[in-house]
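start.cif (mmCIF, C-alpha atoms)
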```cif
data_coords
#
loop_
_atom_site.label_atom_id
_atom_site.label_comp_id
_atom_site.auth_asym_id
_atom_site.auth_seq_id
_atom_site.Cartn_x
_atom_site.Cartn_y
_atom_site.Cartn_z
CA GLY A 1270 -30.92 51.39 50.63
CA VAL A 1271 -34.07 49.45 49.86
CA ALA A 1272 -32.52 47.74 46.82
CA GLU A 1273 -29.54 46.50 48.84
CA GLY A 1274 -31.90 45.14 51.49
CA VAL A 1275 -33.87 43.20 48.89
CA ILE A 1276 -30.65 41.71 47.47
CA ARG A 1277 -29.40 40.73 50.94
CA ASP A 1278 -32.71 39.02 51.70
CA ALA A 1279 -32.59 37.22 48.35
CA ILE A 1280 -29.08 35.89 49.01
CA ALA A 1281 -30.12 34.80 52.50
CA GLY A 1282 -33.21 33.02 51.14
CA ALA A 1283 -31.35 31.35 48.26
CA PHE A 1284 -28.34 29.98 50.14
CA PHE A 1285 -29.61 29.73 53.73
CA PRO A 1286 -33.24 28.62 53.31
CA GLY A 1287 -35.55 27.80 56.20
CA LYS A 1288 -33.74 29.97 58.76
CA LYS A 1289 -35.95 31.95 61.12
CA GLY A 1290 -35.78 34.30 64.07
CA GLU A 1291 -32.42 35.31 65.46
CA GLU A 1292 -30.57 32.90 63.20
CA ALA A 1293 -32.09 34.54 60.10
CA LYS A 1294 -31.23 38.01 61.43
CA GLU A 1295 -27.63 36.94 62.02
CA ILE A 1296 -27.34 35.64 58.46
CA VAL A 1297 -28.64 38.92 56.98
CA LYS A 1298 -26.32 40.88 59.28
CA THR A 1299 -23.34 38.80 58.11
CA ILE A 1300 -24.26 39.36 54.44
CA GLU A 1301 -24.59 43.10 55.08
CA TRP A 1302 -21.18 43.28 56.76
CA ALA A 1303 -19.60 41.32 53.90
CA TRP A 1304 -21.13 43.78 51.45
CA PHE A 1305 -19.70 46.76 53.37
CA LEU A 1306 -16.21 45.31 52.93
CA LYS A 1307 -16.66 43.75 49.47
CA PRO A 1308 -19.35 45.74 47.60
CA ASP A 1309 -19.95 43.11 44.93
CA TYR A 1310 -23.13 41.09 45.42
CA GLY A 1311 -22.16 38.68 42.64
CA GLU A 1312 -18.99 37.76 44.52
CA ILE A 1313 -20.84 37.62 47.84
CA ALA A 1314 -23.43 35.25 46.33
CA ARG A 1315 -20.65 33.03 44.98
CA ILE A 1316 -18.94 32.88 48.39
CA ALA A 1317 -22.27 32.16 50.12
CA LYS A 1318 -22.95 29.30 47.70
CA GLU A 1319 -19.48 27.75 47.79
CA LYS A 1320 -18.30 28.45 51.35
CA GLY A 1321 -21.45 29.24 53.32
CA LEU A 1322 -21.69 31.54 56.30
CA SER A 1323 -18.14 30.80 57.44
CA GLY A 1324 -16.85 32.00 54.08
CA LEU A 1325 -18.78 35.25 54.34
CA LYS A 1326 -17.38 35.86 57.81
CA LYS A 1327 -13.85 35.57 56.43
CA ILE A 1328 -14.34 38.48 54.04
CA THR A 1329 -12.06 41.21 55.29
CA LEU A 1330 -10.61 44.61 54.48
CA THR A 1331 -7.61 44.46 52.17
CA PRO A 1332 -5.66 47.15 50.28
CA GLY A 1333 -6.64 47.27 46.63
CA SER A 1334 -10.39 46.83 47.07
CA PRO A 1335 -12.97 49.58 47.71
CA TYR A 1336 -15.31 49.44 50.71
CA HIS A 1337 -18.27 51.44 51.96
CA VAL A 1338 -17.06 54.29 54.17
CA LEU A 1339 -18.55 55.66 57.38
CA LEU A 1340 -21.00 58.49 56.63
CA SER A 1341 -22.01 61.56 58.60
CA GLU A 1342 -25.34 62.92 59.78
CA LYS A 1343 -26.51 66.54 59.87
CA ALA A 1344 -26.71 68.28 63.26
CA PRO A 1345 -29.33 70.99 63.96
CA SER A 1346 -26.63 73.32 65.30
CA LEU A 1347 -23.04 73.46 66.47
CA GLU A 1348 -24.22 73.55 70.08
CA ASP A 1349 -26.30 70.40 69.59
CA ALA A 1350 -23.35 68.64 67.96
CA LEU A 1351 -21.02 69.47 70.86
CA LYS A 1352 -23.60 68.24 73.39
CA ALA A 1353 -23.95 64.94 71.53
CA PHE A 1354 -20.48 63.68 72.56
CA GLU A 1355 -18.60 63.65 75.83
CA HIS A 1356 -15.30 64.05 73.97
CA PRO A 1357 -15.84 65.88 70.64
CA SER A 1358 -13.31 66.79 67.98
CA LEU A 1359 -13.97 69.41 65.30
CA GLU A 1360 -12.53 69.31 61.79
CA TYR A 1361 -12.95 71.50 58.76
CA LYS A 1362 -15.71 70.18 56.50
CA TYR A 1363 -13.83 70.60 53.26
CA ASP A 1364 -15.71 71.37 50.06
CA GLY A 1365 -14.14 68.51 48.15
CA ALA A 1366 -14.39 64.79 47.52
CA ARG A 1367 -13.83 61.95 49.96
CA LEU A 1368 -10.64 60.13 49.02
CA ILE A 1369 -9.63 56.66 50.22
CA ILE A 1370 -5.92 56.02 49.79
CA GLN A 1371 -4.80 52.39 49.90
CA LYS A 1372 -1.16 51.36 49.95
CA LYS A 1373 0.50 47.96 49.90
CA ASN A 1374 4.26 48.03 49.49
CA GLU A 1375 4.88 49.90 46.22
CA LYS A 1376 1.30 49.61 44.98
CA ILE A 1377 -1.15 52.48 45.58
CA TRP A 1378 -4.86 52.79 44.82
CA LEU A 1379 -7.18 55.80 45.08
CA PHE A 1380 -10.95 55.37 45.51
CA THR A 1381 -13.88 57.75 45.98
CA ARG A 1382 -16.69 57.18 48.50
CA ARG A 1383 -18.76 55.94 45.54
CA LEU A 1384 -16.22 53.15 44.97
CA GLU A 1385 -14.71 54.68 41.81
CA ASN A 1386 -11.07 53.85 41.16
CA VAL A 1387 -9.51 57.24 40.34
CA THR A 1388 -5.86 56.20 40.64
CA ARG A 1389 -5.10 57.09 37.02
CA GLN A 1390 -6.71 60.54 37.27
CA PHE A 1391 -4.43 61.78 40.06
CA PRO A 1392 -0.78 60.90 39.34
CA GLU A 1393 0.48 63.75 41.54
CA VAL A 1394 -1.34 62.28 44.55
CA LEU A 1395 0.50 58.99 44.01
CA LYS A 1396 3.79 60.87 44.22
CA MET A 1397 2.63 62.60 47.41
CA VAL A 1398 1.70 59.26 48.98
CA VAL A 1399 5.17 57.86 48.28
CA GLN A 1400 6.76 60.95 49.82
CA ALA A 1401 4.45 61.48 52.79
CA ILE A 1402 3.09 58.12 54.01
CA LYS A 1403 5.61 56.19 56.08
CA ALA A 1404 3.87 52.83 56.31
CA LYS A 1405 4.31 49.57 54.41
CA GLU A 1406 0.56 48.92 54.22
CA CYS A 1407 -2.30 51.23 55.14
CA ILE A 1408 -5.74 52.52 54.23
CA VAL A 1409 -6.30 56.18 55.07
CA GLU A 1410 -9.17 58.55 54.38
CA GLY A 1411 -9.30 62.24 53.70
CA GLU A 1412 -10.86 64.99 51.64
CA MET A 1413 -9.39 66.11 48.33
CA LEU A 1414 -9.80 69.72 47.21
CA GLY A 1415 -9.28 71.40 43.88
CA ILE A 1416 -7.00 74.43 44.21
CA ASP A 1417 -6.90 77.56 42.04
CA PRO A 1418 -3.28 77.61 40.73
CA LYS A 1419 -3.36 81.43 40.51
CA THR A 1420 -4.70 82.27 43.97
CA GLY A 1421 -3.97 79.11 45.96
CA LYS A 1422 -7.57 79.15 47.24
CA PRO A 1423 -9.98 76.20 47.18
CA LEU A 1424 -12.11 75.71 44.11
CA PRO A 1425 -15.76 74.59 44.25
CA PHE A 1426 -16.32 70.85 44.15
CA GLN A 1427 -17.67 71.14 40.59
CA SER A 1428 -14.16 72.00 39.40
CA LEU A 1429 -12.65 68.95 41.10
CA SER A 1430 -15.35 66.73 39.62
CA GLN A 1431 -13.94 67.53 36.16
CA ARG A 1432 -10.74 65.74 37.16
CA ILE A 1433 -12.56 62.80 38.70
CA LYS A 1434 -14.48 62.22 35.46
CA ARG A 1435 -11.60 62.97 33.09
CA LYS A 1436 -10.03 59.93 31.40
CA TYR A 1437 -7.76 61.76 28.95
CA ASP A 1438 -5.35 64.73 29.00
CA ILE A 1439 -4.52 63.94 32.61
CA GLU A 1440 -1.29 65.95 32.73
CA GLN A 1441 -3.08 69.02 31.43
CA MET A 1442 -5.69 68.70 34.19
CA VAL A 1443 -2.93 68.32 36.79
CA ARG A 1444 -1.68 71.77 35.78
CA GLU A 1445 -5.10 73.40 35.44
CA ILE A 1446 -6.66 71.99 38.63
CA PRO A 1447 -4.02 70.96 41.17
CA VAL A 1448 -5.29 69.24 44.31
CA GLN A 1449 -4.77 69.28 48.04
CA VAL A 1450 -5.38 66.23 50.26
CA ASN A 1451 -6.43 66.61 53.91
CA LEU A 1452 -6.32 63.34 55.86
CA PHE A 1453 -8.57 62.63 58.84
CA ASP A 1454 -8.82 58.89 59.49
CA MET A 1455 -7.12 55.52 59.10
CA VAL A 1456 -8.85 52.13 59.11
CA TYR A 1457 -5.99 49.72 58.32
CA LEU A 1458 -2.31 49.64 59.21
CA ASN A 1459 0.20 46.89 58.39
CA GLY A 1460 -2.33 44.05 58.51
CA GLU A 1461 -4.41 45.40 61.42
CA ILE A 1462 -8.02 46.49 60.83
CA LEU A 1463 -8.81 49.49 63.05
CA PHE A 1464 -12.62 49.52 62.94
CA ASP A 1465 -12.90 48.76 66.67
CA SER A 1466 -10.32 51.35 67.73
CA PRO A 1467 -11.74 54.68 68.94
CA LEU A 1468 -11.20 57.71 66.73
CA ARG A 1469 -8.62 59.22 69.10
CA GLU A 1470 -6.40 56.13 68.61
CA ARG A 1471 -6.95 56.01 64.84
CA ARG A 1472 -6.02 59.68 64.54
CA LYS A 1473 -2.90 59.17 66.65
CA LYS A 1474 -1.80 56.26 64.47
CA LEU A 1475 -2.49 58.36 61.38
CA GLU A 1476 -0.34 61.19 62.71
CA GLY A 1477 2.42 58.68 63.35
CA ILE A 1478 2.78 57.63 59.70
CA ILE A 1479 2.34 60.99 57.94
CA LYS A 1480 5.14 63.37 57.02
CA PRO A 1481 3.03 66.33 55.82
CA ILE A 1482 3.66 68.25 52.63
CA PRO A 1483 2.21 71.63 53.72
CA GLY A 1484 -0.52 72.91 51.46
CA LYS A 1485 -0.58 69.72 49.41
CA PHE A 1486 -0.80 66.56 51.51
CA GLN A 1487 -1.51 67.10 55.19
CA LEU A 1488 -3.64 66.28 58.21
CA ALA A 1489 -7.11 67.81 58.31
CA ARG A 1490 -7.26 70.97 60.41
CA ARG A 1491 -8.95 70.17 63.71
CA LEU A 1492 -9.72 71.38 67.22
CA VAL A 1493 -10.43 69.21 70.25
CA THR A 1494 -12.75 71.17 72.54
CA LYS A 1495 -16.06 71.11 74.37
CA ASP A 1496 -16.09 74.90 74.65
CA LEU A 1497 -18.85 76.42 72.48
CA LYS A 1498 -17.11 79.79 72.01
CA LYS A 1499 -13.89 78.16 70.79
CA ALA A 1500 -15.92 75.86 68.56
CA GLU A 1501 -17.84 78.80 67.07
CA GLU A 1502 -14.61 80.63 66.23
CA PHE A 1503 -13.23 77.47 64.59
CA TYR A 1504 -16.47 77.16 62.61
CA LYS A 1505 -16.22 80.77 61.42
CA GLU A 1506 -12.57 80.19 60.53
CA ALA A 1507 -13.60 77.24 58.33
CA LEU A 1508 -16.19 79.37 56.54
CA ARG A 1509 -13.67 82.20 56.02
CA ALA A 1510 -11.38 79.59 54.42
CA ASN A 1511 -14.16 78.89 51.87
CA GLN A 1512 -14.99 75.49 53.37
CA GLU A 1513 -18.50 74.11 53.95
CA GLY A 1514 -18.44 74.21 57.75
CA VAL A 1515 -17.19 71.72 60.33
CA MET A 1516 -17.45 68.05 61.23
CA VAL A 1517 -17.96 67.23 64.90
CA LYS A 1518 -16.74 63.72 65.65
CA ASN A 1519 -16.92 61.44 68.66
CA LEU A 1520 -13.37 60.66 69.79
CA ASP A 1521 -14.64 57.61 71.70
CA ALA A 1522 -16.41 56.04 68.72
CA LYS A 1523 -15.32 53.12 66.58
CA TYR A 1524 -15.54 53.10 62.77
CA GLN A 1525 -18.73 51.68 61.28
CA PRO A 1526 -18.34 51.18 57.51
CA GLY A 1527 -21.31 51.78 55.27
CA LYS A 1528 -23.64 53.55 57.68
CA ARG A 1529 -24.73 56.86 59.13
CA VAL A 1530 -24.63 56.07 62.83
CA GLY A 1531 -24.21 59.44 64.55
CA TYR A 1532 -20.47 59.17 65.20
CA TRP A 1533 -19.80 62.09 62.84
CA LEU A 1534 -22.06 65.16 62.72
CA LYS A 1535 -21.80 67.85 60.06
CA VAL A 1536 -22.55 71.49 60.78
CA LYS A 1537 -22.88 73.99 57.96
CA PRO A 1538 -24.94 77.10 57.17
CA THR A 1539 -28.59 76.43 56.44
CA LEU A 1540 -29.76 77.93 53.19
CA GLU A 1541 -33.14 79.63 53.16
CA THR A 1542 -35.82 77.38 51.67
CA LEU A 1543 -37.54 78.66 48.52
CA ASP A 1544 -40.96 77.83 47.12
CA LEU A 1545 -40.48 77.57 43.36
CA ALA A 1546 -42.58 76.71 40.34
CA ILE A 1547 -40.87 74.92 37.46
CA ILE A 1548 -41.71 76.69 34.21
#
```
Can you give me the file's structure in the form of structure tokens?
Amino acid sequence: GVAEGVIRDAIAGAFFPGKKGEEAKEIVKTIEWAWFLKPDYGEIARIAKEKGLSGLKKITLTPGSPYHVLLSEKAPSLEDALKAFEHPSLEYKYDGARLIIQKKNEKIWLFTRRLENVTRQFPEVLKMVVQAIKAKECIVEGEMLGIDPKTGKPLPFQSLSQRIKRKYDIEQMVREIPVQVNLFDMVYLNGEILFDSPLRERRKKLEGIIKPIPGKFQLARRLVTKDLKKAEEFYKEALRANQEGVMVKNLDAKYQPGKRVGYWLKVKPTLETLDLAII
């Protein structure tokens, strides 16, 4: 956003004064990338002051620290989304919360896309990770849904948000609003950062380390197709399952943290606009 841009420019001006042209652009770009991986401008300023540009370039992705995730853009239609990529993949767009699961040996952290540490709020997910993820170190992403314990059907996001915000009576909330995790990406595996790997390779690596727990901790439902009719049926299937719609993703694309870059396109029903007067 605008505020982040102002802070980046301030850090660049304070610790790398007098730089112009391409050199100045490269400095700002380096600060931005460091912020994507370590979203703490105080720490970034300290590193810039003490270690300079080389120190900023050494900032990397590590389990235990939140980072800014890749974001999606809205497509005008399913047809437009399919035409955007030579090799598209469709996934359910779950009506839940983005969940980033980070594991290093026996230690596990859970973060939201807004960088909140929600590890304490979801003890049952920690147990699922131990049971289902067969990797020493990894960072995987998915969507977490609240599930109605009586019907087994997805609950609206507002219900899940109660658990995200809750700091007390955790075990009671586990019983009242159980969750389901649907994984769709992986950005780190046993010391290797996967940002530059295409989605098809990241998904394959993800499939290789997951032993699904059906209905609880599993891979996101997806369809690889360029066929509009098959895609439309998959889209309708997602809506019948009480999900928001579908994500159309570029299988050839890398992972760009912190930005909306057109690698992922979301397709969901368009609500009729209303002209309203606040009274």
(request) Spell out the residues picked by the PyMOL selection byres ((chain A and resi 1534) around 10) here, as a list in words. (result)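 This file, filtered by the PyMOL selection byres ((chain A and resi 1534) around 10), leaves Leu1340, Ser1341, Glu1342, Lys1343, Ala1344, Pro1345, Ser1346, Leu1347, Asp1349, Ala1350, Leu1351, Ala1353, Leu1359, Val1515, Met1516, Val1517, Lys1518, Asn1519, Arg1529, Val1530, Gly1531, Tyr1532, Trp1533, Lys1535 and Val1536 of chain A.
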Written selection (C-alpha atoms) as a PDB file, keeping the file's coordinate frame:
```pdb
ATOM      1  CA  LEU A1340     -21.000  58.490  56.630  1.00  0.00           C
ATOM      2  CA  SER A1341     -22.010  61.560  58.600  1.00  0.00           C
ATOM      3  CA  GLU A1342     -25.340  62.920  59.780  1.00  0.00           C
ATOM      4  CA  LYS A1343     -26.510  66.540  59.870  1.00  0.00           C
ATOM      5  CA  ALA A1344     -26.710  68.280  63.260  1.00  0.00           C
ATOM      6  CA  PRO A1345     -29.330  70.990  63.960  1.00  0.00           C
ATOM      7  CA  SER A1346     -26.630  73.320  65.300  1.00  0.00           C
ATOM      8  CA  LEU A1347     -23.040  73.460  66.470  1.00  0.00           C
ATOM      9  CA  ASP A1349     -26.300  70.400  69.590  1.00  0.00           C
ATOM     10  CA  ALA A1350     -23.350  68.640  67.960  1.00  0.00           C
ATOM     11  CA  LEU A1351     -21.020  69.470  70.860  1.00  0.00           C
ATOM     12  CA  ALA A1353     -23.950  64.940  71.530  1.00  0.00           C
ATOM     13  CA  LEU A1359     -13.970  69.410  65.300  1.00  0.00           C
ATOM     14  CA  VAL A1515     -17.190  71.720  60.330  1.00  0.00           C
ATOM     15  CA  MET A1516     -17.450  68.050  61.230  1.00  0.00           C
ATOM     16  CA  VAL A1517     -17.960  67.230  64.900  1.00  0.00           C
ATOM     17  CA  LYS A1518     -16.740  63.720  65.650  1.00  0.00           C
ATOM     18  CA  ASN A1519     -16.920  61.440  68.660  1.00  0.00           C
ATOM     19  CA  ARG A1529     -24.730  56.860  59.130  1.00  0.00           C
ATOM     20  CA  VAL A1530     -24.630  56.070  62.830  1.00  0.00           C
ATOM     21  CA  GLY A1531     -24.210  59.440  64.550  1.00  0.00           C
ATOM     22  CA  TYR A1532     -20.470  59.170  65.200  1.00  0.00           C
ATOM     23  CA  TRP A1533     -19.800  62.090  62.840  1.00  0.00           C
ATOM     24  CA  LYS A1535     -21.800  67.850  60.060  1.00  0.00           C
ATOM     25  CA  VAL A1536     -22.550  71.490  60.780  1.00  0.00           C
TER      26      VAL A1536
END
```
(request) Quick one: everything within 9 Å of Gly1333 of chain A, counting all atoms listed in the file, minus sequence neighbours fewer than 3 positions away in the same chain. Send it as number ranges by chain. (result) A: 1371-1373, 1376-1379
(request) List the residues selected by the PyMOL selection byres ((chain A and resi 1461) around 10) in the file shown, writing them as a ChimeraX atom specification. (result) /A:1330-1331,1406-1407,1456-1460,1462-1464
(request) Give the answer as one residue: which of A:Trp1304, A:Lys1480, A:Leu1395, A:Lys1289 has the shortest atom-to-atom distance to Gly1274 of chain A, using all atoms listed in the file? (result)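 Smallest distance to Gly1274 of chain A is found for A:Trp1304.
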(request) Could you check how far atom CA of Leu1429 of chain A sits from atom CA of Ala1510 of chain A, in Å to one decimal? (result)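 Atom-to-atom, atom CA of Leu1429 of chain A to atom CA of Ala1510 of chain A, that is 17.1 Å.
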(message) Let me make sure I understand: among A:Ile1478, A:Glu1348, A:Lys1473, A:Asn1451, which one has the smallest atom-to-atom distance to Lys1403 of chain A if we use only C-alpha atoms?
(response)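 Closest residue, counting only C-alpha atoms: A:Ile1478.
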(message) Given only C-alpha atoms as the basis, pick out the residue of A:Met1397, A:Met1413, A:Ala1500, A:Ala1293 nearest to Gly1365 of chain A.
(response) A:Met1413
(request) Would you please work out which residue, of A:Ile1280, A:Lys1537, A:His1356, A:Phe1305, is nearest to Asp1496 of chain A when using all atoms listed in the file? (result)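 Among the listed residues, the smallest separation from Asp1496 of chain A belongs to A:His1356.
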(request) Considering only C-alpha atoms, return as a PyMOL selection string whatever protein or nucleic-acid residues lie within 9 Å of Pro1425 of chain A, sequence-local ones (same chain, fewer than 3 positions apart) excluded. (result) chain A and resi 1364-1365+1414-1416+1428-1429+1511
So that I can check the surroundings of segment 1482-1488 of chain A, please list as a compact mmCIF listing (two decimals) with C-alpha atoms, in the frame of the given file every protein, DNA and RNA residue that reaches within 8 Å of it, counting only C-alpha atoms and ignoring chain neighbours fewer than 4 positions away.
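Wrote it out as part-v3.txt, contents follow:
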```txt
# COMPACT_ATOMS: atom_id res chain seq x y z
CA MET A 1397 2.63 62.60 47.41
CA ALA A 1401 4.45 61.48 52.79
CA VAL A 1448 -5.29 69.24 44.31
CA GLN A 1449 -4.77 69.28 48.04
CA VAL A 1450 -5.38 66.23 50.26
CA ASN A 1451 -6.43 66.61 53.91
CA LEU A 1452 -6.32 63.34 55.86
CA PHE A 1453 -8.57 62.63 58.84
CA GLU A 1476 -0.34 61.19 62.71
```
(request) Run the PyMOL selection byres ((chain A and resi 1382-1390) around 9) on the file and write out the hits as a PyMOL selection string. (result) chain A and resi 1308+1334-1338+1366-1369+1377-1381+1391-1395+1432-1437+1439-1440+1442-1443
